[in-house]
Amino acid sequence: MSVEVAKGFYGAYGGRYVPETLVPALDELEQGWNDIKDDPGFRLELEQLQATYVGRPTPLYRAERLGDDRTIYLKREDLCHTGAHKINNAVGQALVARRLGKKRIVAETGAGQHGVASATVCARFGLECVVYMGSEDMERQKPNVERMHLLGAEVRAVEFGTRTLKEATSEAIRDWITNVETTHYMIGSCVGPHPYPELVRELQSVIGREAREQMLAAERRLPDAVVACVGGGSNAIGLFAGFLEDAEVRLVGVEAAGAASLGSGRAGVLHGARSSLLADEDGQIADAHSISAGLDYPGVGPEHAFLRDTGRAEYRAAADDEALAAFHLLAEREGIIPALEPAHALARALDLDAELILVGLSGRGDKDLATVLGR
Amino acid sequence: MKKLSIYLMAGPDTPELAAAAVAGGADLLEIGFPFSDPLADGPVIRLAGERALAQGMCTRACLECLAETRARVEVPLIPMTYASILEAYGYERFQTDAQKAGATTLIVADLPIEAAPDLRRVQLVAPTTPSERIRFAAERTEGWLYLVSLTGTTGARREVSEQLAGLVERARGVTDVPLLAGFGISTPEHAAGAAALADGIVVGSRAVEVAHDEGPEALREYVASLRQALDRDAGPPAGPRPLGYGRAYDRAH
C-alpha cells in the first residue's frame with residue numbers, strides 16, 4: 001500500500017502529515033516561499049540583514065589549543081546576534097511572513113534560542129509573537145525566558161506531557177491550526193511538514209556556504225570531516241549543505257545519547273513529517289532525555305534520516321557527561337563558553353579519526369550556566 | 001433523520017459505554033485509538049488519550065476493544081487515530097485487522113487526502129479547504145465527509161462555529177455525499193443548530209468527558225438529549241443521498 005504524497009519527500013521521509021485545516025496554509029507558504037526565494041529584492045534584503053543585523057559572515061576560528069594532533073576549526077555561530085544560529089532562520093521567515101501578510105507569529109522553543117530569535121525578529125518587524133515553551137525548559141533556561149519577555153513576546157508555558165520541546169511544538173501547531181488565517185508558524189528547525197524542512201535548510205545553508213569558503217581560504221583545502229550537533233538538525237543541515245557535493249568530506253552529526261532519533265530511532269510520524277523517531281513498536285512517541293534542552297527532542301529533520309540511509313552522513317551520540325567535559329574544555333582552553341548543544345559535537349570531534357575537522361559551534365553557553373554550575 | 005456520531009476513547013469501559021451511547025440514540029460510533037501527540041485534539045481528548053495509554057491501550061488492545069464493542073452494538077464503528085499508529089502497524093495490516101475486529105471504515109486525523117489512496121477512510125475537510133479540494137476529498141471519502149466546523153482543535157465551544165454554514169454551502173456545491181459536522185459541538189442547542197445545516201453531527205470531547213466523569217448511564221442520558229434535539233429541531237436531512245457507512249459495512253447489512 002503506497003503512502004507517499006508526491007512532494008516534499010527525501011526518499012521515504014518528509015511529506016505533510018497534518019490535519020486538513022493546515023494544508024491550504026502549507027500550500028500558501030510553499031507558494032510564497034517559491035515566489036520570494038529567488039527574488040533579487042528578497043535576496044538583497046536578507047543579505048543586508050545578515051550583514052548588519054545578524055552579524056554575518058561569522059568567523060571561522062582555529063582552536064589551536066584544543067586539537068592536540070588534530071586541527072580543529074570552529075564555525076562561530078555563537079557570535080550571531082542573539083547567540084545562536086537560530087536567528088538565520090528567524091530573519092528569513094520574518095520576511096516570508098511579511099510577504100504573506102501575516103501579522104502574528106507562533107513559535108516553539110526548547111533551549112530558548114529559537115524563542116529568543118523569534119522574539120527578536122518580531123520586535124524588529126513589528127509582529128506579534130507568541131512562544132510555546134515546556135515548563136521544564138522554562139525552569140532550566142530561565143535567562144532566555146526573561147530575554148523573550150524583554151523583547152515583547154508572550155511566553156506560554158506548556159504544562160503537560162514531557163513539558164519540553166515535543167509538547168511545545170505540538171501546542172504551537174495547535175495554535176497555528178486555530179489562528180491559521182492570521183498567523184505564521186515560525187518553526188525553529190528543519191522539521192515539520194513540507195515545505196518547512198526545505199525552507200529552514202535554505203535559510204541555514206548560509207552557514208555551510210561561508211564555512212566552505214573560509215576553510216578554503218584558511219587551509220587551501222576542504223576539511224576531512226564536518227561535525228555538528230543534531231536535535232531537530234537545523235545547524236547541522238545548514239553546515240552540511242556547504243559540503244554535500246564534496247564526497248571526500250565526512251559529514252558527522254552528533255545526537256544526545258538519550259535523544260538519538262537517528263541512532264536508535266524507527267520510522268514514524270511526528271509534528272507533520274515522516275522521519276526517524278524515538279517511538280515504541282506501536283508508534284507512540286517516546287520521551288527523549290538530554291542535559292541540553294535544544295537536543296531533547298525525539299524527532300529529527302527528514303533530510304537527516306535520508307542522509308543516514310544513503311550513507312552520505314553518519315550519526316553518532318554523545319552522553320551528557322561527555323558534553324559537559326567538552327563544555328569545560330572549550331571554556332578553559334580557548335576562552336569560549338559554548339552552548340551545551342554544540343558541546344556534544346565537540347565531544348565527538350575530539351575523538352574523531354580525522355586530521356582537519358570543522359565543528360559547528362551553533363550557540364553560546366550563557367543560557368546553560370545554571371545547568372552546568374548546578375552539577 | 002439526522003445522524004448522530006459519538007466519539008469514545010478506547011479503554012476497558014468502552015464496550016459498555018458504547019452500548020449506552022447506542023441506547024441513547026447514537027447512529028455511529030467513533031473509537032479513538034490513542035496517540036501520544038494528537039495534533040488535532042484539544043485538552044479533553046488529549047487527556048483521555050494519555051489515560052488510555054497509561055491503561056495499556058496499545059494498538060492490539062484497541063483492536064480487542066473494538067471487537068468487544070462490536071459484540072455489544074450493531075451500529076457502524078469507526079476507529080479514529082493518527083498516521084503514526086498506522087505507520088508502525090502497517091497501513092494494509094491495520095485496515096485488514098480493524099475490519100476483522102468490526103470496524104466499518106477509518107478516520108486518520110493527520111493523513112492528507114492524497115496520501116495512502118488505498119486506505120479507505122472518511123476524509124476530513126475544514127473551513128480553510130478550497131472547494132476544489134473538497135470535491136477531491138468527497139471523491140476519496142468513504143460513505144460521508146467529516147466537516148471540521150472550525151479552524152481549531154477538538155473541544156467544546158460556547159457556540160457552533162459561524163464558519164460551518166459557509167463550509168456546508170461550499171461542500172453542497174461540489175458533492176452530494178452526506179456531510180457530518182464535528183469539532184466544537186457539545187450541547188443539544190449546538191446539535192440542532194449544526195444539524196440544521198449538515199446531515200448529522202459528531203460529538204467528541206463532551207461525550208468523552210461525560211463518559212469518564214459520570215459513567216454509562218449519564219452518557220446514555222446525554223446522548224439522548226442530543227438525539228432529541230436532532231429529531232425535534234433539525235428537520236429532515238438536507239442532503240440528497242442517504243448516509244453510506246462504508247462498503248464493508250453496507251455489504252454486511
# chains A, B, ... in the order shown; residues from 1 in each chain; ligands from 1
call {"tool": "closest_atom_pairs", "arguments": {"of": "chain A", "to": "chain B", "cutoff": "10 Å", "atoms": "only C-alpha atoms", "output": "JSON lines"}}
result
{"residue": "A:Met1", "atom": "CA", "partner": "B:Glu92", "partner_atom": "CA", "distance": 6.2}
{"residue": "A:Ser2", "atom": "CA", "partner": "B:Ala116", "partner_atom": "CA", "distance": 5.4}
{"residue": "A:Val3", "atom": "CA", "partner": "B:Ala116", "partner_atom": "CA", "distance": 4.0}
{"residue": "A:Glu4", "atom": "CA", "partner": "B:Ala115", "partner_atom": "CA", "distance": 5.8}
{"residue": "A:Val5", "atom": "CA", "partner": "B:Ala115", "partner_atom": "CA", "distance": 5.0}
{"residue": "A:Ala6", "atom": "CA", "partner": "B:Glu114", "partner_atom": "CA", "distance": 8.3}
{"residue": "A:Gly15", "atom": "CA", "partner": "B:Ala115", "partner_atom": "CA", "distance": 9.2}
{"residue": "A:Arg16", "atom": "CA", "partner": "B:Pro112", "partner_atom": "CA", "distance": 7.0}
{"residue": "A:Tyr17", "atom": "CA", "partner": "B:Asp110", "partner_atom": "CA", "distance": 5.0}
{"residue": "A:Val18", "atom": "CA", "partner": "B:Asp110", "partner_atom": "CA", "distance": 4.3}
{"residue": "A:Pro19", "atom": "CA", "partner": "B:Asp110", "partner_atom": "CA", "distance": 4.5}
{"residue": "A:Glu20", "atom": "CA", "partner": "B:Val125", "partner_atom": "CA", "distance": 6.0}
{"residue": "A:Thr21", "atom": "CA", "partner": "B:Ala126", "partner_atom": "CA", "distance": 5.2}
{"residue": "A:Leu22", "atom": "CA", "partner": "B:Thr128", "partner_atom": "CA", "distance": 7.7}
{"residue": "A:Val23", "atom": "CA", "partner": "B:Thr129", "partner_atom": "CA", "distance": 7.7}
{"residue": "A:Pro24", "atom": "CA", "partner": "B:Thr129", "partner_atom": "CA", "distance": 6.4}
{"residue": "A:Ala25", "atom": "CA", "partner": "B:Thr128", "partner_atom": "CA", "distance": 8.2}
{"residue": "A:Phe160", "atom": "CA", "partner": "B:Leu47", "partner_atom": "CA", "distance": 9.2}
{"residue": "A:Gly161", "atom": "CA", "partner": "B:Glu50", "partner_atom": "CA", "distance": 8.5}
{"residue": "A:Lys166", "atom": "CA", "partner": "B:Asp37", "partner_atom": "CA", "distance": 8.5}
{"residue": "A:Glu167", "atom": "CA", "partner": "B:Asp37", "partner_atom": "CA", "distance": 7.8}
{"residue": "A:Thr169", "atom": "CA", "partner": "B:Leu39", "partner_atom": "CA", "distance": 9.6}
{"residue": "A:Ser170", "atom": "CA", "partner": "B:Leu39", "partner_atom": "CA", "distance": 6.1}
{"residue": "A:Glu171", "atom": "CA", "partner": "B:Leu39", "partner_atom": "CA", "distance": 7.9}
{"residue": "A:Ala172", "atom": "CA", "partner": "B:Leu39", "partner_atom": "CA", "distance": 9.7}
{"residue": "A:Ile173", "atom": "CA", "partner": "B:Leu39", "partner_atom": "CA", "distance": 7.0}
{"residue": "A:Arg174", "atom": "CA", "partner": "B:Leu39", "partner_atom": "CA", "distance": 6.2}
{"residue": "A:Asp175", "atom": "CA", "partner": "B:Gly152", "partner_atom": "CA", "distance": 7.7}
{"residue": "A:Trp176", "atom": "CA", "partner": "B:Gly152", "partner_atom": "CA", "distance": 8.2}
{"residue": "A:Ile177", "atom": "CA", "partner": "B:Gly152", "partner_atom": "CA", "distance": 5.2}
{"residue": "A:Thr178", "atom": "CA", "partner": "B:Gly152", "partner_atom": "CA", "distance": 3.8}
{"residue": "A:Asn179", "atom": "CA", "partner": "B:Thr151", "partner_atom": "CA", "distance": 7.1}
{"residue": "A:Val180", "atom": "CA", "partner": "B:Thr151", "partner_atom": "CA", "distance": 7.4}
{"residue": "A:Glu181", "atom": "CA", "partner": "B:Thr128", "partner_atom": "CA", "distance": 8.4}
{"residue": "A:Arg266", "atom": "CA", "partner": "B:Ala88", "partner_atom": "CA", "distance": 8.9}
{"residue": "A:Ala267", "atom": "CA", "partner": "B:Glu87", "partner_atom": "CA", "distance": 7.7}
{"residue": "A:Gly268", "atom": "CA", "partner": "B:Ser84", "partner_atom": "CA", "distance": 5.4}
{"residue": "A:Val269", "atom": "CA", "partner": "B:Ser84", "partner_atom": "CA", "distance": 4.7}
{"residue": "A:Leu270", "atom": "CA", "partner": "B:Ser84", "partner_atom": "CA", "distance": 7.2}
{"residue": "A:His271", "atom": "CA", "partner": "B:Leu39", "partner_atom": "CA", "distance": 7.6}
{"residue": "A:Gly272", "atom": "CA", "partner": "B:Asp110", "partner_atom": "CA", "distance": 7.7}
{"residue": "A:Ala273", "atom": "CA", "partner": "B:Ser84", "partner_atom": "CA", "distance": 9.8}
{"residue": "A:Arg274", "atom": "CA", "partner": "B:Ser84", "partner_atom": "CA", "distance": 8.4}
{"residue": "A:Ala279", "atom": "CA", "partner": "B:Ala88", "partner_atom": "CA", "distance": 9.2}
{"residue": "A:Asp280", "atom": "CA", "partner": "B:Ala88", "partner_atom": "CA", "distance": 8.6}
{"residue": "A:Glu281", "atom": "CA", "partner": "B:Ala88", "partner_atom": "CA", "distance": 6.3}
{"residue": "A:Asp282", "atom": "CA", "partner": "B:Ala88", "partner_atom": "CA", "distance": 5.5}
{"residue": "A:Gly283", "atom": "CA", "partner": "B:Ile85", "partner_atom": "CA", "distance": 5.0}
{"residue": "A:Gln284", "atom": "CA", "partner": "B:Ser36", "partner_atom": "CA", "distance": 5.5}
{"residue": "A:Ile285", "atom": "CA", "partner": "B:Ser36", "partner_atom": "CA", "distance": 6.0}
{"residue": "A:Ala286", "atom": "CA", "partner": "B:Ser36", "partner_atom": "CA", "distance": 8.4}
call {"tool": "residues_around", "arguments": {"residues": "Met57 of chain B", "least_positions_apart": "6", "cutoff": "10 Å", "atoms": "only C-alpha atoms", "output": "ChimeraX atom specification"}}
result
/B:9-12,33-35,49-51,63-65
call {"tool": "select_by_dssp", "arguments": {"residues": "segment 144-222 of chain B", "states": "alpha helix (DSSP H)", "output": "mmCIF file with N, CA and C atoms, in the first residue's frame"}}
result
data_model
loop_
_atom_site.group_PDB
_atom_site.id
_atom_site.type_symbol
_atom_site.label_atom_id
_atom_site.label_comp_id
_atom_site.auth_asym_id
_atom_site.auth_seq_id
_atom_site.Cartn_x
_atom_site.Cartn_y
_atom_site.Cartn_z
ATOM 1 N N GLN B 163 -18.316 29.461 10.923
ATOM 2 C CA GLN B 163 -17.703 29.016 9.671
ATOM 3 C C GLN B 163 -18.428 27.820 9.059
ATOM 4 N N LEU B 164 -19.290 27.153 9.893
ATOM 5 C CA LEU B 164 -19.895 25.907 9.413
ATOM 6 C C LEU B 164 -20.830 26.134 8.225
ATOM 7 N N ALA B 165 -21.660 27.178 8.314
ATOM 8 C CA ALA B 165 -22.654 27.393 7.250
ATOM 9 C C ALA B 165 -21.973 27.531 5.887
ATOM 10 N N GLY B 166 -20.915 28.316 5.846
ATOM 11 C CA GLY B 166 -20.200 28.515 4.589
ATOM 12 C C GLY B 166 -19.572 27.234 4.085
ATOM 13 N N LEU B 167 -19.053 26.454 5.009
ATOM 14 C CA LEU B 167 -18.411 25.192 4.628
ATOM 15 C C LEU B 167 -19.440 24.227 4.042
ATOM 16 N N VAL B 168 -20.605 24.142 4.707
ATOM 17 C CA VAL B 168 -21.665 23.259 4.199
ATOM 18 C C VAL B 168 -22.085 23.711 2.805
ATOM 19 N N GLU B 169 -22.257 25.009 2.636
ATOM 20 C CA GLU B 169 -22.707 25.520 1.342
ATOM 21 C C GLU B 169 -21.697 25.186 0.234
ATOM 22 N N ARG B 170 -20.419 25.368 0.560
ATOM 23 C CA ARG B 170 -19.411 25.070 -0.459
ATOM 24 C C ARG B 170 -19.346 23.574 -0.760
ATOM 25 N N ALA B 171 -19.504 22.759 0.308
ATOM 26 C CA ALA B 171 -19.464 21.309 0.092
ATOM 27 C C ALA B 171 -20.656 20.854 -0.742
ATOM 28 N N ARG B 172 -21.830 21.390 -0.450
ATOM 29 C CA ARG B 172 -23.023 21.027 -1.232
ATOM 30 C C ARG B 172 -22.859 21.412 -2.698
ATOM 31 N N GLY B 173 -22.076 22.454 -2.935
ATOM 32 C CA GLY B 173 -21.867 22.902 -4.310
ATOM 33 C C GLY B 173 -21.022 21.947 -5.129
ATOM 34 N N VAL B 174 -20.257 21.078 -4.473
ATOM 35 C CA VAL B 174 -19.347 20.217 -5.237
ATOM 36 C C VAL B 174 -19.603 18.730 -5.043
ATOM 37 N N PRO B 188 -27.243 20.190 23.258
ATOM 38 C CA PRO B 188 -28.395 19.928 22.375
ATOM 39 C C PRO B 188 -28.665 21.111 21.437
ATOM 40 N N GLU B 189 -28.473 22.330 21.921
ATOM 41 C CA GLU B 189 -28.692 23.506 21.067
ATOM 42 C C GLU B 189 -27.695 23.511 19.901
ATOM 43 N N HIS B 190 -26.416 23.229 20.224
ATOM 44 C CA HIS B 190 -25.416 23.124 19.156
ATOM 45 C C HIS B 190 -25.823 22.050 18.161
ATOM 46 N N ALA B 191 -26.250 20.902 18.725
ATOM 47 C CA ALA B 191 -26.576 19.748 17.874
ATOM 48 C C ALA B 191 -27.646 20.137 16.874
ATOM 49 N N ALA B 192 -28.700 20.772 17.375
ATOM 50 C CA ALA B 192 -29.796 21.168 16.489
ATOM 51 C C ALA B 192 -29.311 22.199 15.475
ATOM 52 N N GLY B 193 -28.522 23.154 15.938
ATOM 53 C CA GLY B 193 -28.037 24.214 15.057
ATOM 54 C C GLY B 193 -27.156 23.672 13.949
ATOM 55 N N ALA B 194 -26.225 22.795 14.301
ATOM 56 C CA ALA B 194 -25.305 22.252 13.298
ATOM 57 C C ALA B 194 -26.035 21.306 12.354
ATOM 58 N N ALA B 195 -26.964 20.520 12.916
ATOM 59 C CA ALA B 195 -27.666 19.541 12.086
ATOM 60 C C ALA B 195 -28.677 20.205 11.166
ATOM 61 N N SER B 205 -15.505 15.566 22.463
ATOM 62 C CA SER B 205 -14.932 15.915 23.770
ATOM 63 C C SER B 205 -15.951 15.835 24.907
ATOM 64 N N ARG B 206 -17.135 16.401 24.691
ATOM 65 C CA ARG B 206 -18.123 16.407 25.783
ATOM 66 C C ARG B 206 -18.573 14.975 26.110
ATOM 67 N N ALA B 207 -18.726 14.152 25.084
ATOM 68 C CA ALA B 207 -19.119 12.755 25.320
ATOM 69 C C ALA B 207 -18.041 12.021 26.109
ATOM 70 N N VAL B 208 -16.786 12.280 25.742
ATOM 71 C CA VAL B 208 -15.664 11.648 26.453
ATOM 72 C C VAL B 208 -15.647 12.084 27.924
ATOM 73 N N GLU B 209 -15.930 13.359 28.120
ATOM 74 C CA GLU B 209 -15.942 13.914 29.474
ATOM 75 C C GLU B 209 -17.058 13.298 30.313
ATOM 76 N N VAL B 210 -18.262 13.251 29.748
ATOM 77 C CA VAL B 210 -19.399 12.675 30.483
ATOM 78 C C VAL B 210 -19.124 11.203 30.778
ATOM 79 N N ALA B 211 -18.612 10.481 29.780
ATOM 80 C CA ALA B 211 -18.335 9.055 29.963
ATOM 81 C C ALA B 211 -17.324 8.848 31.085
ATOM 82 N N HIS B 212 -16.296 9.668 31.098
ATOM 83 C CA HIS B 212 -15.236 9.495 32.087
ATOM 84 C C HIS B 212 -15.674 9.948 33.475
ATOM 85 N N ASP B 213 -16.342 11.102 33.550
ATOM 86 C CA ASP B 213 -16.677 11.672 34.859
ATOM 87 C C ASP B 213 -17.894 11.008 35.486
ATOM 88 N N GLU B 214 -18.872 10.619 34.642
ATOM 89 C CA GLU B 214 -20.162 10.213 35.224
ATOM 90 C C GLU B 214 -20.613 8.804 34.845
ATOM 91 N N PRO B 216 -21.702 5.304 32.266
ATOM 92 C CA PRO B 216 -22.566 4.933 31.139
ATOM 93 C C PRO B 216 -23.989 5.508 31.210
ATOM 94 N N GLU B 217 -24.601 5.508 32.383
ATOM 95 C CA GLU B 217 -25.983 5.967 32.458
ATOM 96 C C GLU B 217 -26.069 7.458 32.101
ATOM 97 N N ALA B 218 -25.118 8.231 32.625
ATOM 98 C CA ALA B 218 -25.090 9.659 32.306
ATOM 99 C C ALA B 218 -24.810 9.864 30.821
ATOM 100 N N LEU B 219 -23.963 9.018 30.249
ATOM 101 C CA LEU B 219 -23.670 9.126 28.817
ATOM 102 C C LEU B 219 -24.935 8.861 28.002
ATOM 103 N N ARG B 220 -25.679 7.818 28.418
ATOM 104 C CA ARG B 220 -26.924 7.492 27.707
ATOM 105 C C ARG B 220 -27.869 8.699 27.734
ATOM 106 N N GLU B 221 -28.022 9.305 28.901
ATOM 107 C CA GLU B 221 -28.913 10.467 29.023
ATOM 108 C C GLU B 221 -28.430 11.635 28.177
ATOM 109 N N TYR B 222 -27.103 11.842 28.194
ATOM 110 C CA TYR B 222 -26.534 12.956 27.423
ATOM 111 C C TYR B 222 -26.764 12.739 25.926
#
call {"tool": "residues_around", "arguments": {"residues": "segment 29-39 of chain A", "least_positions_apart": "2", "cutoff": "8 Å", "atoms": "only C-alpha atoms", "output": "PyMOL selection string"}}
result
chain A and resi 25-27+41-43+96+99-100+194-195+199
call {"tool": "select_by_dssp", "arguments": {"residues": "segment 17-237 of chain B", "states": "strand (DSSP E)", "output": "ChimeraX atom specification"}}
result
/B:28-32,77-81,107-108,124-125,145-148,179-182,200-203
call {"tool": "write_last_selection", "arguments": {"atoms": "C-alpha atoms", "output": "compact mmCIF listing (two decimals), in the first residue's frame"}}
result
# COMPACT_ATOMS: atom_id res chain seq x y z
CA LEU B 28 -22.42 5.74 14.59
CA LEU B 29 -19.53 5.41 17.00
CA GLU B 30 -16.00 6.65 16.53
CA ILE B 31 -13.47 4.82 18.68
CA GLY B 32 -10.32 6.77 19.42
CA LEU B 77 -17.80 1.54 14.32
CA ILE B 78 -15.05 3.83 13.09
CA PRO B 79 -11.56 3.83 14.61
CA MET B 80 -10.17 7.35 14.67
CA THR B 81 -6.44 7.73 15.03
CA ILE B 107 -10.60 8.19 10.23
CA VAL B 108 -6.95 9.28 10.30
CA LEU B 124 -11.99 15.49 6.65
CA VAL B 125 -12.38 18.97 5.24
CA LEU B 145 -17.49 13.62 4.60
CA TYR B 146 -16.34 14.86 8.00
CA LEU B 147 -16.73 18.63 8.20
CA VAL B 148 -14.32 20.18 10.66
CA LEU B 179 -21.94 15.75 5.47
CA LEU B 180 -21.40 15.28 9.21
CA ALA B 181 -20.18 18.27 11.20
CA GLY B 182 -17.86 17.92 14.16
CA GLY B 200 -25.58 14.95 11.02
CA ILE B 201 -23.15 15.76 13.75
CA VAL B 202 -20.18 14.32 15.58
CA VAL B 203 -19.79 14.89 19.31
call {"tool": "residues_around", "arguments": {"residues": "Ala19 of chain B", "least_positions_apart": "4", "cutoff": "7 Å", "atoms": "only C-alpha atoms", "output": "list in words"}}
result
Pro15, Ala23, Arg72 and Val73 of chain B
call {"tool": "residues_around", "arguments": {"residues": "Val121 of chain A", "least_positions_apart": "3", "cutoff": "7 Å", "atoms": "only C-alpha atoms", "output": "list of chain:residue names"}}
result
A:Ala90, A:Val91, A:Ala94, A:Ala117, A:Ser118, A:Arg124, A:Phe125
